[in-house]
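Colleague: Structure file target.tsv (TSV, C-alpha atoms) right here:
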chain	number	residue	atom	x	y	z
H	270	MET	CA	-31.61	-11.19	11.26
H	271	ASN	CA	-32.17	-13.79	8.60
H	272	THR	CA	-30.85	-11.44	5.94
H	273	LEU	CA	-27.73	-10.62	7.98
H	274	SER	CA	-26.90	-14.28	8.49
H	275	GLU	CA	-27.48	-14.91	4.80
H	276	ILE	CA	-25.09	-12.10	3.88
H	277	PHE	CA	-22.29	-13.10	6.20
H	278	PHE	CA	-22.66	-16.84	6.79
H	279	SER	CA	-24.22	-18.46	3.73
H	280	GLY	CA	-20.80	-19.50	2.35
H	281	SER	CA	-21.50	-18.15	-1.14
H	282	HIS	CA	-19.01	-16.13	-3.20
H	283	TRP	CA	-20.68	-12.94	-2.03
H	284	THR	CA	-20.18	-13.89	1.66
H	285	TYR	CA	-16.41	-13.53	1.27
H	286	VAL	CA	-16.86	-10.23	-0.55
H	287	TRP	CA	-19.09	-8.77	2.19
H	288	TRP	CA	-16.70	-9.89	4.93
H	289	ALA	CA	-13.75	-8.29	3.11
H	290	TYR	CA	-15.59	-4.98	2.63
H	291	ALA	CA	-16.98	-4.94	6.18
H	292	ILE	CA	-13.56	-5.56	7.80
H	293	THR	CA	-11.94	-2.94	5.55
H	294	PHE	CA	-14.63	-0.41	6.48
H	295	ILE	CA	-14.01	-0.98	10.21
H	296	ILE	CA	-10.20	-0.62	9.88
H	297	VAL	CA	-10.48	2.49	7.68
H	298	ALA	CA	-13.00	4.11	10.04
H	299	ALA	CA	-10.78	3.35	13.05
H	300	SER	CA	-7.71	4.78	11.29
H	301	ILE	CA	-9.55	8.10	10.89
H	302	ILE	CA	-11.52	8.28	14.15
H	303	ILE	CA	-8.68	7.36	16.55
H	304	PRO	CA	-6.20	10.14	15.54
H	305	THR	CA	-9.05	12.69	15.29
H	306	VAL	CA	-10.19	11.95	18.85
H	307	ARG	CA	-6.55	11.97	20.01
H	308	ARG	CA	-5.98	15.40	18.46
H	309	LYS	CA	-9.10	16.81	20.12
H	310	LYS	CA	-7.99	15.36	23.47
H	311	THR	CA	-4.54	16.97	23.10
H	312	LEU	CA	-6.14	20.37	22.41
H	313	ALA	CA	-8.50	19.97	25.40
H	314	GLN	CA	-5.54	19.04	27.62
H	315	ILE	CA	-3.55	22.11	26.53
H	316	LYS	CA	-6.61	24.32	27.07
H	317	ARG	CA	-7.12	22.93	30.60
H	318	LYS	CA	-3.48	23.61	31.45
H	319	ILE	CA	-3.71	27.21	30.23
H	320	GLU	CA	-6.93	27.81	32.15
H	321	LYS	CA	-5.39	26.40	35.32
H	322	GLY	CA	-2.45	28.72	34.79
F	261	MET	CA	24.25	30.08	-13.10
F	262	PHE	CA	25.40	27.50	-10.59
F	263	SER	CA	25.10	29.86	-7.64
F	264	SER	CA	21.29	29.62	-7.84
F	265	PHE	CA	21.41	25.81	-7.81
F	266	ASN	CA	20.24	24.39	-4.49
F	267	PHE	CA	22.38	21.33	-4.00
F	268	LYS	CA	20.54	20.18	-0.85
F	269	TYR	CA	17.15	20.01	-2.57
F	270	PHE	CA	18.74	18.40	-5.61
F	271	ILE	CA	20.15	15.63	-3.39
F	272	ILE	CA	16.82	15.12	-1.52
F	273	SER	CA	14.74	14.97	-4.70
F	274	ALA	CA	17.34	12.86	-6.53
F	275	ALA	CA	17.37	10.36	-3.62
F	276	ILE	CA	13.54	10.17	-3.60
F	277	LEU	CA	13.26	9.80	-7.36
F	278	LEU	CA	16.13	7.31	-7.58
F	279	LEU	CA	14.43	5.14	-4.98
F	280	LEU	CA	11.20	5.31	-6.98
F	281	ALA	CA	13.10	4.40	-10.15
F	282	LEU	CA	14.76	1.45	-8.44
F	283	VAL	CA	11.48	0.10	-7.15
F	284	TYR	CA	9.14	0.81	-10.05
F	285	ALA	CA	11.14	0.80	-13.26
F	286	PRO	CA	12.30	-2.85	-13.23
F	287	HIS	CA	8.80	-3.84	-12.24
F	288	SER	CA	7.14	-2.04	-15.11
F	289	GLN	CA	8.40	-3.88	-18.19
F	290	PRO	CA	9.48	-7.50	-18.12
F	291	LEU	CA	11.58	-8.47	-21.17
F	292	TYR	CA	9.91	-11.81	-21.26
F	293	GLY	CA	7.29	-13.20	-18.96
F	294	ASP	CA	6.87	-16.79	-20.01
F	295	PRO	CA	4.54	-18.37	-17.50
F	296	LEU	CA	5.37	-21.63	-15.80
F	297	LYS	CA	8.10	-23.65	-17.48
F	298	THR	CA	7.37	-27.15	-18.70
F	299	GLY	CA	8.12	-29.73	-16.05
F	300	THR	CA	8.00	-27.38	-13.07
F	301	GLN	CA	5.83	-28.07	-10.09
F	302	THR	CA	3.56	-25.46	-8.73
F	303	LYS	CA	0.44	-24.88	-6.75
F	304	VAL	CA	-2.49	-23.38	-8.55
F	305	GLY	CA	-6.15	-22.84	-7.99
F	306	VAL	CA	-8.28	-24.01	-10.88
F	307	GLN	CA	-12.03	-23.85	-11.17
F	308	THR	CA	-12.89	-26.96	-13.19
F	309	GLU	CA	-16.12	-28.67	-14.06
F	310	TYR	CA	-15.32	-30.99	-11.13
F	311	GLY	CA	-15.30	-28.07	-8.71
F	312	LEU	CA	-12.54	-25.98	-7.20
F	313	ILE	CA	-9.18	-27.73	-7.07
F	314	GLY	CA	-6.60	-25.68	-5.32
F	315	THR	CA	-3.91	-26.70	-2.90
F	316	ASP	CA	-2.33	-29.85	-4.35
F	317	LYS	CA	0.88	-29.80	-6.35
F	318	PHE	CA	0.56	-30.32	-10.06
F	319	ARG	CA	3.18	-30.94	-12.70
F	320	ILE	CA	3.08	-28.67	-15.73
F	321	TYR	CA	3.51	-30.63	-18.94
F	322	LYS	CA	2.98	-27.98	-21.56
F	323	SER	CA	3.58	-24.28	-21.21
F	324	GLN	CA	0.37	-22.58	-20.12
F	325	LYS	CA	-1.38	-25.95	-19.84
F	326	LEU	CA	-2.02	-27.77	-16.61
F	327	GLU	CA	-2.53	-31.50	-16.68
F	328	PHE	CA	-3.54	-33.56	-13.67
F	329	LYS	CA	-5.46	-36.62	-12.69
F	330	TYR	CA	-8.81	-36.38	-11.00
F	331	LYS	CA	-10.91	-39.44	-10.27
F	332	ASN	CA	-8.72	-41.46	-12.72
F	333	MET	CA	-9.35	-39.01	-15.54
F	334	VAL	CA	-6.71	-36.80	-17.11
F	335	VAL	CA	-7.85	-33.20	-16.97
F	336	THR	CA	-6.18	-30.46	-18.99
F	337	GLU	CA	-6.77	-26.88	-18.05
F	338	LYS	CA	-5.41	-23.69	-19.56
F	339	ILE	CA	-3.53	-21.72	-16.94
F	340	ASN	CA	-4.29	-18.08	-16.41
F	341	THR	CA	-1.50	-16.23	-18.22
F	342	THR	CA	-1.12	-13.93	-15.25
F	343	ALA	CA	0.05	-16.87	-13.13
F	344	ALA	CA	3.44	-16.81	-11.44
F	345	THR	CA	6.32	-16.18	-13.80
F	346	THR	CA	9.73	-17.71	-13.31
F	347	GLY	CA	13.09	-16.03	-13.83
F	348	SER	CA	12.17	-12.79	-15.55
F	349	LEU	CA	14.77	-10.46	-17.04
F	350	PHE	CA	13.98	-6.79	-17.11
F	351	LEU	CA	14.21	-4.33	-19.90
F	352	LEU	CA	17.38	-2.42	-19.10
F	353	THR	CA	16.86	0.37	-21.61
F	354	ASN	CA	13.47	1.20	-20.10
F	355	TRP	CA	15.02	1.35	-16.66
F	356	LEU	CA	17.82	3.66	-17.81
F	357	TYR	CA	15.31	5.86	-19.62
F	358	GLN	CA	13.29	6.29	-16.42
F	359	LEU	CA	16.45	6.97	-14.42
F	360	PHE	CA	17.36	9.72	-16.90
F	361	PHE	CA	13.85	11.21	-16.62
F	362	PHE	CA	14.03	11.23	-12.81
F	363	LEU	CA	17.50	12.80	-12.87
F	364	VAL	CA	16.32	15.65	-15.10
F	365	THR	CA	13.35	16.22	-12.74
F	366	ALA	CA	15.70	16.33	-9.74
F	367	ILE	CA	17.90	18.95	-11.44
F	368	ALA	CA	14.79	21.01	-12.23
F	369	ILE	CA	13.77	20.87	-8.55
F	370	GLY	CA	17.29	21.95	-7.58
F	371	TYR	CA	16.95	25.10	-9.74
F	372	SER	CA	13.32	25.86	-8.98
F	373	LYS	CA	12.91	28.71	-6.51
F	374	PRO	CA	9.19	28.14	-5.74
F	375	ILE	CA	9.77	24.43	-5.01
F	376	SER	CA	12.83	25.21	-2.86
F	377	ASN	CA	10.82	27.81	-0.96
F	378	PHE	CA	7.93	25.38	-0.48
F	379	ILE	CA	10.27	22.69	0.94
F	380	LYS	CA	11.78	25.32	3.27
F	381	LYS	CA	8.33	26.41	4.47
F	382	THR	CA	7.04	22.88	5.09
F	383	GLY	CA	9.97	22.51	7.49
F	384	SER	CA	7.97	24.80	9.80
F	385	LEU	CA	5.46	22.82	11.87
F	386	LYS	CA	3.05	25.75	12.11
F	387	TYR	CA	3.02	26.25	8.32
F	388	THR	CA	2.43	22.53	7.68
F	389	TYR	CA	-0.37	22.42	10.28
F	390	ASN	CA	-2.20	25.39	8.76
F	391	LEU	CA	-1.64	24.34	5.14
F	392	SER	CA	-2.80	20.73	5.72
F	393	GLY	CA	-5.89	22.06	7.53
F	394	LYS	CA	-6.92	23.81	4.31
F	395	PHE	CA	-6.50	20.72	2.13
F	396	ILE	CA	-7.92	18.02	4.43
F	397	PRO	CA	-11.67	18.60	3.77
F	398	TRP	CA	-11.15	18.59	-0.02
F	399	ILE	CA	-9.05	15.45	0.06
F	400	ALA	CA	-11.67	13.75	2.26
F	401	ILE	CA	-14.54	14.71	-0.06
F	402	LEU	CA	-12.66	13.54	-3.16
F	403	ALA	CA	-11.61	10.26	-1.49
F	404	LEU	CA	-15.17	9.55	-0.38
F	405	LEU	CA	-16.56	10.37	-3.80
F	406	LEU	CA	-14.07	8.16	-5.65
F	407	ALA	CA	-14.45	5.31	-3.14
F	408	THR	CA	-18.24	5.42	-3.53
F	409	ILE	CA	-17.98	5.37	-7.34
F	410	GLY	CA	-15.35	2.61	-7.29
F	411	ILE	CA	-17.20	0.37	-4.82
F	412	VAL	CA	-20.62	0.75	-6.48
F	413	ASP	CA	-19.08	0.18	-9.92
F	414	GLY	CA	-17.05	-2.79	-8.69
F	415	LEU	CA	-19.86	-4.49	-6.79
F	416	ALA	CA	-22.84	-3.72	-9.00
F	417	PHE	CA	-21.63	-3.09	-12.57
F	418	ALA	CA	-18.37	-5.01	-13.11
F	419	PRO	CA	-19.11	-8.34	-14.85
F	420	THR	CA	-18.79	-11.59	-12.91
F	421	ASP	CA	-15.48	-13.43	-13.46
F	422	ALA	CA	-15.80	-16.70	-15.39
F	423	GLN	CA	-13.54	-18.67	-13.01
F	424	GLN	CA	-13.71	-16.90	-9.67
F	425	LYS	CA	-17.35	-15.83	-9.92
F	426	ASP	CA	-18.27	-12.91	-7.63
F	427	SER	CA	-15.46	-13.47	-5.12
F	428	PHE	CA	-13.09	-11.68	-7.53
F	429	ARG	CA	-14.74	-8.41	-6.40
F	430	ILE	CA	-12.41	-8.47	-3.38
F	431	ILE	CA	-9.79	-7.26	-5.91
F	432	TYR	CA	-11.11	-3.70	-5.57
F	433	ILE	CA	-9.86	-3.43	-2.01
F	434	HIS	CA	-7.15	-6.10	-1.85
F	435	VAL	CA	-4.98	-4.89	-4.75
F	436	PRO	CA	-5.01	-1.14	-3.88
F	437	ALA	CA	-4.33	-2.01	-0.21
F	438	ALA	CA	-1.48	-4.37	-1.14
F	439	MET	CA	0.10	-1.72	-3.37
F	440	LEU	CA	-0.38	1.01	-0.80
F	441	CYS	CA	1.20	-0.92	2.09
F	442	ILE	CA	4.42	-1.14	0.04
F	443	GLN	CA	4.25	2.47	-1.19
F	444	ALA	CA	3.64	3.65	2.39
F	445	TYR	CA	6.83	1.90	3.47
F	446	ILE	CA	8.78	3.53	0.63
F	447	VAL	CA	7.50	6.99	1.67
F	448	MET	CA	8.30	6.18	5.32
F	449	SER	CA	11.85	5.16	4.35
F	450	ILE	CA	12.39	8.37	2.36
F	451	ALA	CA	11.09	10.46	5.30
F	452	SER	CA	13.31	8.49	7.71
F	453	ALA	CA	16.39	9.03	5.52
F	454	ILE	CA	15.71	12.79	5.35
F	455	ALA	CA	15.13	12.88	9.13
F	456	LEU	CA	18.36	10.99	9.81
F	457	ILE	CA	20.55	13.03	7.46
F	458	TRP	CA	19.18	16.56	7.91
F	459	ARG	CA	17.39	16.18	11.28
F	460	ILE	CA	14.24	17.81	9.86
F	461	LYS	CA	11.45	17.59	12.44
F	462	ILE	CA	8.58	17.33	9.96
F	463	ALA	CA	10.28	14.36	8.26
F	464	GLU	CA	10.44	12.58	11.64
F	465	ILE	CA	6.75	13.28	12.20
F	466	VAL	CA	5.80	12.01	8.72
F	467	ALA	CA	7.80	8.80	9.20
F	468	MET	CA	6.27	8.12	12.60
F	469	SER	CA	2.75	8.91	11.41
F	470	ILE	CA	2.96	6.45	8.54
F	471	ALA	CA	3.82	3.41	10.70
F	472	PRO	CA	0.36	2.80	12.30
F	473	LEU	CA	-1.37	3.65	9.04
F	474	GLY	CA	0.87	1.26	7.13
F	475	ALA	CA	0.13	-1.48	9.66
F	476	ALA	CA	-3.63	-0.92	9.21
F	477	ILE	CA	-3.37	-1.04	5.41
F	478	THR	CA	-1.17	-4.17	5.51
F	479	ALA	CA	-3.75	-5.78	7.80
F	480	ILE	CA	-6.45	-5.00	5.21
F	481	ALA	CA	-4.29	-6.53	2.44
F	482	LEU	CA	-3.64	-9.67	4.50
F	483	ILE	CA	-7.24	-10.18	5.66
F	484	THR	CA	-8.85	-9.54	2.28
F	485	GLY	CA	-6.21	-11.69	0.57
F	486	SER	CA	-6.91	-14.51	2.98
F	487	LEU	CA	-10.67	-14.25	2.36
F	488	TRP	CA	-10.08	-14.26	-1.39
F	489	GLY	CA	-7.69	-17.22	-1.15
F	490	ALA	CA	-10.17	-19.18	0.94
F	491	ARG	CA	-12.70	-19.02	-1.89
F	492	THR	CA	-10.47	-19.29	-4.98
F	493	TRP	CA	-7.49	-21.39	-3.82
F	494	GLY	CA	-9.31	-23.33	-1.15
F	495	THR	CA	-6.89	-22.21	1.56
F	496	TRP	CA	-6.90	-19.31	4.01
F	497	TRP	CA	-3.13	-19.23	4.37
F	498	GLU	CA	-0.08	-20.90	2.86
F	499	TRP	CA	3.13	-20.70	4.91
F	500	LYS	CA	5.31	-21.76	1.98
F	501	ASP	CA	4.11	-18.91	-0.21
F	502	PRO	CA	6.79	-16.18	-0.43
F	503	ARG	CA	4.35	-13.32	-1.23
F	504	MET	CA	2.01	-14.01	1.67
F	505	VAL	CA	4.79	-14.55	4.22
F	506	SER	CA	6.80	-11.50	3.08
F	507	VAL	CA	3.73	-9.24	3.44
F	508	LEU	CA	3.13	-10.72	6.90
F	509	ILE	CA	6.75	-9.84	7.78
F	510	LEU	CA	6.07	-6.29	6.51
F	511	PHE	CA	3.09	-6.13	8.91
F	512	PHE	CA	5.35	-7.17	11.82
F	513	ILE	CA	7.97	-4.60	10.73
F	514	TYR	CA	5.30	-1.87	10.93
F	515	LEU	CA	4.33	-3.10	14.41
F	516	GLY	CA	8.01	-3.21	15.42
F	517	ILE	CA	8.51	0.40	14.30
F	518	MET	CA	5.45	1.49	16.31
F	519	GLY	CA	6.69	-0.41	19.37
F	520	LEU	CA	10.22	0.99	19.15
F	521	ASN	CA	8.89	4.52	18.71
F	522	SER	CA	6.68	4.34	21.78
F	523	ALA	CA	9.35	2.57	23.88
F	524	ILE	CA	11.75	5.56	23.75
F	525	GLU	CA	10.55	8.60	25.66
F	526	ASP	CA	12.58	11.30	23.89
F	527	LYS	CA	10.84	11.88	20.54
F	528	ARG	CA	14.00	12.82	18.63
F	529	THR	CA	16.00	9.82	19.87
F	530	ALA	CA	13.01	7.60	19.08
F	531	ALA	CA	12.89	9.04	15.54
F	532	SER	CA	16.59	8.27	15.01
F	533	ALA	CA	16.28	4.71	16.30
F	534	THR	CA	13.16	3.94	14.29
F	535	GLY	CA	14.70	5.63	11.23
F	536	ILE	CA	17.67	3.23	11.31
F	537	PHE	CA	15.32	0.29	11.87
F	538	THR	CA	13.06	1.41	8.97
F	539	LEU	CA	15.96	1.71	6.54
F	540	SER	CA	17.47	-1.62	7.61
F	541	ALA	CA	14.17	-3.40	7.12
F	542	PHE	CA	13.72	-1.85	3.65
F	543	VAL	CA	15.20	-5.04	2.21
F	544	ILE	CA	11.73	-6.63	2.49
F	545	ILE	CA	10.27	-4.28	-0.18
F	546	PRO	CA	12.18	-5.51	-3.27
F	547	PHE	CA	11.69	-9.04	-1.97
F	548	ILE	CA	7.89	-8.59	-1.91
F	549	TYR	CA	8.04	-7.36	-5.52
F	550	VAL	CA	10.15	-10.20	-6.89
F	551	SER	CA	8.70	-12.95	-4.68
F	552	VAL	CA	6.11	-14.01	-7.27
F	553	LYS	CA	8.67	-13.83	-10.09
F	554	MET	CA	11.58	-15.65	-8.47
F	555	PHE	CA	9.74	-18.43	-6.70
F	556	ASN	CA	6.86	-20.72	-7.50
F	557	SER	CA	4.10	-19.00	-5.65
F	558	LEU	CA	0.43	-19.69	-5.11
F	559	HIS	CA	-0.06	-15.96	-5.46
F	560	GLN	CA	-0.37	-14.75	-9.04
F	561	GLY	CA	2.02	-12.26	-10.61
F	562	SER	CA	1.08	-8.69	-11.36
F	563	THR	CA	-1.53	-7.97	-14.00
F	564	GLN	CA	-1.27	-4.93	-16.22
F	565	VAL	CA	-4.35	-2.79	-15.62
F	566	ILE	CA	-3.65	0.31	-17.70
F	567	GLY	CA	-2.86	0.12	-21.44
F	568	SER	CA	-2.88	-3.28	-23.13
F	569	SER	CA	-4.54	-4.86	-20.12
F	570	ASP	CA	-5.31	-8.51	-19.44
F	571	MET	CA	-8.46	-7.37	-17.66
F	572	HIS	CA	-11.82	-6.59	-19.18
F	573	PRO	CA	-12.23	-2.77	-19.30
F	574	ASP	CA	-15.41	-3.00	-17.20
F	575	MET	CA	-13.43	-4.85	-14.54
F	576	ALA	CA	-10.36	-2.59	-14.75
F	577	ARG	CA	-12.29	0.70	-14.52
F	578	PRO	CA	-13.39	0.37	-10.86
F	579	LEU	CA	-9.90	-0.85	-9.95
F	580	ILE	CA	-8.28	2.29	-11.36
F	581	VAL	CA	-10.83	4.45	-9.52
F	582	MET	CA	-10.12	2.55	-6.30
F	583	PHE	CA	-6.36	3.08	-6.71
F	584	PHE	CA	-6.91	6.84	-6.64
F	585	ALA	CA	-9.48	6.60	-3.82
F	586	THR	CA	-7.03	4.60	-1.68
F	587	MET	CA	-4.20	7.07	-2.36
F	588	LEU	CA	-6.42	9.96	-1.31
F	589	TYR	CA	-7.61	8.10	1.80
F	590	PHE	CA	-3.96	7.49	2.74
F	591	THR	CA	-3.09	11.18	2.27
F	592	PHE	CA	-6.15	12.21	4.30
F	593	ALA	CA	-5.48	9.79	7.18
F	594	LEU	CA	-1.77	10.67	7.17
F	595	LEU	CA	-2.45	14.41	7.38
F	596	ILE	CA	-4.78	13.88	10.36
F	597	ARG	CA	-2.01	11.95	12.14
F	598	ILE	CA	0.65	14.51	11.22
F	599	ARG	CA	-1.50	17.36	12.58
F	600	GLY	CA	-2.05	15.50	15.86
F	601	GLU	CA	1.67	14.81	16.24
F	602	ILE	CA	2.57	18.45	15.45
F	603	LEU	CA	0.30	19.63	18.28
F	604	ILE	CA	1.96	17.24	20.74
F	605	ARG	CA	5.50	18.27	19.71
F	606	ASP	CA	4.79	22.01	19.68
F	607	ARG	CA	2.39	22.05	22.66
F	608	LYS	CA	4.51	24.61	24.54
F	609	THR	CA	4.54	27.16	21.73
F	610	GLN	CA	2.20	30.14	21.61
F	611	TRP	CA	0.55	29.27	18.28
F	612	VAL	CA	-0.59	25.85	19.61
F	613	LYS	CA	-1.88	27.49	22.80
F	614	ASP	CA	-3.87	29.94	20.66
F	615	ILE	CA	-5.45	27.06	18.70
F	616	ALA	CA	-6.28	25.26	21.97
F	617	LEU	CA	-7.97	28.35	23.38
F	618	ARG	CA	-9.99	28.81	20.19
F	619	SER	CA	-11.17	25.15	20.18
Render the structure in this file as structure tokens.
Modeller:
Amino acid sequence: MNTLSEIFFSGSHWTYVWWAYAITFIIVAASIIIPTVRRKKTLAQIKRKIEKG
Amino acid sequence: MFSSFNFKYFIISAAILLLLALVYAPHSQPLYGDPLKTGTQTKVGVQTEYGLIGTDKFRIYKSQKLEFKYKNMVVTEKINTTAATTGSLFLLTNWLYQLFFFLVTAIAIGYSKPISNFIKKTGSLKYTYNLSGKFIPWIAILALLLATIGIVDGLAFAPTDAQQKDSFRIIYIHVPAAMLCIQAYIVMSIASAIALIWRIKIAEIVAMSIAPLGAAITAIALITGSLWGARTWGTWWEWKDPRMVSVLILFFIYLGIMGLNSAIEDKRTAASATGIFTLSAFVIIPFIYVSVKMFNSLHQGSTQVIGSSDMHPDMARPLIVMFFATMLYFTFALLIRIRGEILIRDRKTQWVKDIALRS
């Protein structure tokens, strides 16, 4: 925990760098995961409809 | 000879290339780029021996020299030559040369049978879905590989900046993201124009898929820029800065396009409405480009990275790698969105039902 708080809250030059990279990573991951899950849901929905007839 | 010329594809490619020429060519070669004129007032961030001095207004007495008082002492600092430039003229001949090059390319596309056939085929949603499925894994692998190389090189091997220390390493995500959020809008505008003129379904899907992605990338550019500014300029945000505010407006435009698209139930009507909105709001793009040239801005002007660069090669190398990694990430994320949207639009067709049953 000490290390994490040092990385993100020490106020050094590196703190700003880590924050920038961490936020970017979260946004990039979300921009890939959300449409992938949505596509799988669409396929599952179509499959359910076909199976129901 | 002229019977084999495809006028439609010539017009589409000429429009795309002309737009690229208009946006990029004037930006590429300033005729003169004298930094701040003597006697002008500006805001700059300077790392001095007295610490970081950033948000006050200073008067420039000598070109490229900054003189100000601090604790009753006169301090003179050399200004970074990449600082905001005022009133640049652009090299007209270079611009015309690029226009000529783009025009020749457009004519070649008009005559080219394989390219014409490819454009025709990509109009089919099924073909685009299957083709993109083949490319996606390779694009993802390449993007991941380049991003890993770029980030490791940028964080571990690039030398520390003399003025900004290690906080400059934000450059490796901020600059590619800032460039991409503008390029994404240009691509979205081209797709919207094609969708409005020729009512091509795939163009509508591309335009609508870019909006949320563009918003995410603009958010990255804004957040990382703010973090960088907090350390180097001493301020998180500056409302009077034209570059920062214009990029924020771009972010809201992306959100507006997403909102308008989801507010209209019929997909084709929504595409037309958002297409008109996208093209009307295009005016923000040239403004973002010239904002640091026309006005005194806290944000620095563009730095040449390739060729006779102002940057140290060890600093520029990861940046170039990250440019390509970001482009590939954008292509990858866009293709995922396009595939999802194709399935929704074509959900009643047999080929989509077959895919659903196989999944």
Colleague: Can you sort out the box for segment 466-475 of chain F, edges along x, y and z, all listed atoms in, 8 Å on every side, with centre and edge lengths in Å to one decimal, as lines of an AutoDock Vina configuration file?
Modeller:
center_x = 3.2
center_y = 5.3
center_z = 9.9
size_x = 25.2
size_y = 29.5
size_z = 21.5
Colleague: Do a neighbour search on segment 580-583 of chain F at 12 Å with all atoms listed in the file, toss out local chain neighbours closer than 3 positions, and write the hits as a short mmCIF file (atom, residue, chain, number, x, y, z; two decimals) with C-alpha atoms, in the frame of the given file.
Modeller:
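Saved result, around-v1.cif, follows:
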data_model
loop_
_atom_site.label_atom_id
_atom_site.label_comp_id
_atom_site.auth_asym_id
_atom_site.auth_seq_id
_atom_site.Cartn_x
_atom_site.Cartn_y
_atom_site.Cartn_z
CA LEU F 402 -12.66 13.54 -3.16
CA ALA F 403 -11.61 10.26 -1.49
CA LEU F 404 -15.17 9.55 -0.38
CA LEU F 405 -16.56 10.37 -3.80
CA LEU F 406 -14.07 8.16 -5.65
CA ALA F 407 -14.45 5.31 -3.14
CA THR F 408 -18.24 5.42 -3.53
CA ILE F 409 -17.98 5.37 -7.34
CA GLY F 410 -15.35 2.61 -7.29
CA ILE F 411 -17.20 0.37 -4.82
CA VAL F 412 -20.62 0.75 -6.48
CA ASP F 413 -19.08 0.18 -9.92
CA GLY F 414 -17.05 -2.79 -8.69
CA ARG F 429 -14.74 -8.41 -6.40
CA ILE F 430 -12.41 -8.47 -3.38
CA ILE F 431 -9.79 -7.26 -5.91
CA TYR F 432 -11.11 -3.70 -5.57
CA ILE F 433 -9.86 -3.43 -2.01
CA HIS F 434 -7.15 -6.10 -1.85
CA VAL F 435 -4.98 -4.89 -4.75
CA PRO F 436 -5.01 -1.14 -3.88
CA ALA F 437 -4.33 -2.01 -0.21
CA ALA F 438 -1.48 -4.37 -1.14
CA MET F 439 0.10 -1.72 -3.37
CA LEU F 440 -0.38 1.01 -0.80
CA GLN F 443 4.25 2.47 -1.19
CA GLN F 564 -1.27 -4.93 -16.22
CA VAL F 565 -4.35 -2.79 -15.62
CA ILE F 566 -3.65 0.31 -17.70
CA GLY F 567 -2.86 0.12 -21.44
CA SER F 569 -4.54 -4.86 -20.12
CA MET F 571 -8.46 -7.37 -17.66
CA PRO F 573 -12.23 -2.77 -19.30
CA ASP F 574 -15.41 -3.00 -17.20
CA MET F 575 -13.43 -4.85 -14.54
CA ALA F 576 -10.36 -2.59 -14.75
CA ARG F 577 -12.29 0.70 -14.52
CA THR F 586 -7.03 4.60 -1.68
CA MET F 587 -4.20 7.07 -2.36
CA LEU F 588 -6.42 9.96 -1.31
CA TYR F 589 -7.61 8.10 1.80
CA PHE F 590 -3.96 7.49 2.74
#
Colleague: In Å, rounded to a single decimal, give me how far atom CA of Arg618 of chain F is from atom CA of Ile465 of chain F.
Modeller: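 Atom CA of Ile465 of chain F sits 24.2 Å away from atom CA of Arg618 of chain F.
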Colleague: List the spatial neighbours of segment 316-321 of chain H as JSON, numbers by chain - criterion: any atom at most 12 Å away, all atoms listed in the file, same-chain residues fewer than 5 positions off excluded.
Modeller: {"H": [309, 310, 311], "F": [607, 608, 609, 610, 612, 613, 614, 615, 616, 617, 618, 619]}
Colleague: Give me, as a list in words, the contact residues of chain F against chain H at a cut-off of 6 Å, counting only C-alpha atoms.
Modeller: Asp426, Ser427, Ile430, Ile480, Thr484, Leu487, Ala593, Arg597, Gly600, Ala616 and Leu617 of chain F
Colleague: Output C-alpha atoms of each residue in that selection to a file, as a short mmCIF file (atom, residue, chain, number, x, y, z; two decimals), keeping the file's coordinate frame.
Modeller:
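Result file part.cif:
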data_model
loop_
_atom_site.label_atom_id
_atom_site.label_comp_id
_atom_site.auth_asym_id
_atom_site.auth_seq_id
_atom_site.Cartn_x
_atom_site.Cartn_y
_atom_site.Cartn_z
CA ASP F 426 -18.27 -12.91 -7.63
CA SER F 427 -15.46 -13.47 -5.12
CA ILE F 430 -12.41 -8.47 -3.38
CA ILE F 480 -6.45 -5.00 5.21
CA THR F 484 -8.85 -9.54 2.28
CA LEU F 487 -10.67 -14.25 2.36
CA ALA F 593 -5.48 9.79 7.18
CA ARG F 597 -2.01 11.95 12.14
CA GLY F 600 -2.05 15.50 15.86
CA ALA F 616 -6.28 25.26 21.97
CA LEU F 617 -7.97 28.35 23.38
#
Colleague: Report, in Å with one decimal, the straight-line distance from atom CA of Ala274 of chain F to atom CA of Ile517 of chain F.
Modeller: 25.8 Å
Colleague: Please identify all polymer residues within 7 Å of Arg503 of chain F, counting all atoms listed in the file, omitting same-chain residues fewer than 4 positions from it, and present them as a PyMOL selection string.
Modeller: chain F and resi 507+548+551-552+559
Colleague: F:Ser522, F:Thr495, F:Ser506, F:Ser540: which is nearest Ser449 of chain F, counting all atoms listed in the file?
Modeller: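 When distances to Ser449 of chain F are compared using all atoms listed in the file, the smallest one comes from F:Ser540.
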Colleague: In Å, rounded to a single decimal, give me how far atom CA of Gly494 of chain F is from atom CA of Lys425 of chain F.
Modeller: 14.1 Å
Colleague: List the spatial neighbours of Ile598 of chain F as a ChimeraX atom specification - criterion: any atom at most 12 Å away, all atoms listed in the file, same-chain residues fewer than 4 positions off excluded.
Modeller: /H:304-305,307-308 /F:385-386,388-393,396,461-473,590-594,602-605
Colleague: Fewer than 5 positions away in the same chain doesn't count, so skip those; otherwise give me all residues within 12 Å of Ile375 of chain F, counting all atoms listed in the file, as a compact mmCIF listing (two decimals) with C-alpha atoms, keeping the file's coordinate frame.
Modeller:
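Result file is result-v8.txt:
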# COMPACT_ATOMS: atom_id res chain seq x y z
CA ASN F 266 20.24 24.39 -4.49
CA TYR F 269 17.15 20.01 -2.57
CA PHE F 270 18.74 18.40 -5.61
CA SER F 273 14.74 14.97 -4.70
CA THR F 365 13.35 16.22 -12.74
CA ALA F 366 15.70 16.33 -9.74
CA ILE F 367 17.90 18.95 -11.44
CA ALA F 368 14.79 21.01 -12.23
CA ILE F 369 13.77 20.87 -8.55
CA GLY F 370 17.29 21.95 -7.58
CA LYS F 380 11.78 25.32 3.27
CA LYS F 381 8.33 26.41 4.47
CA THR F 382 7.04 22.88 5.09
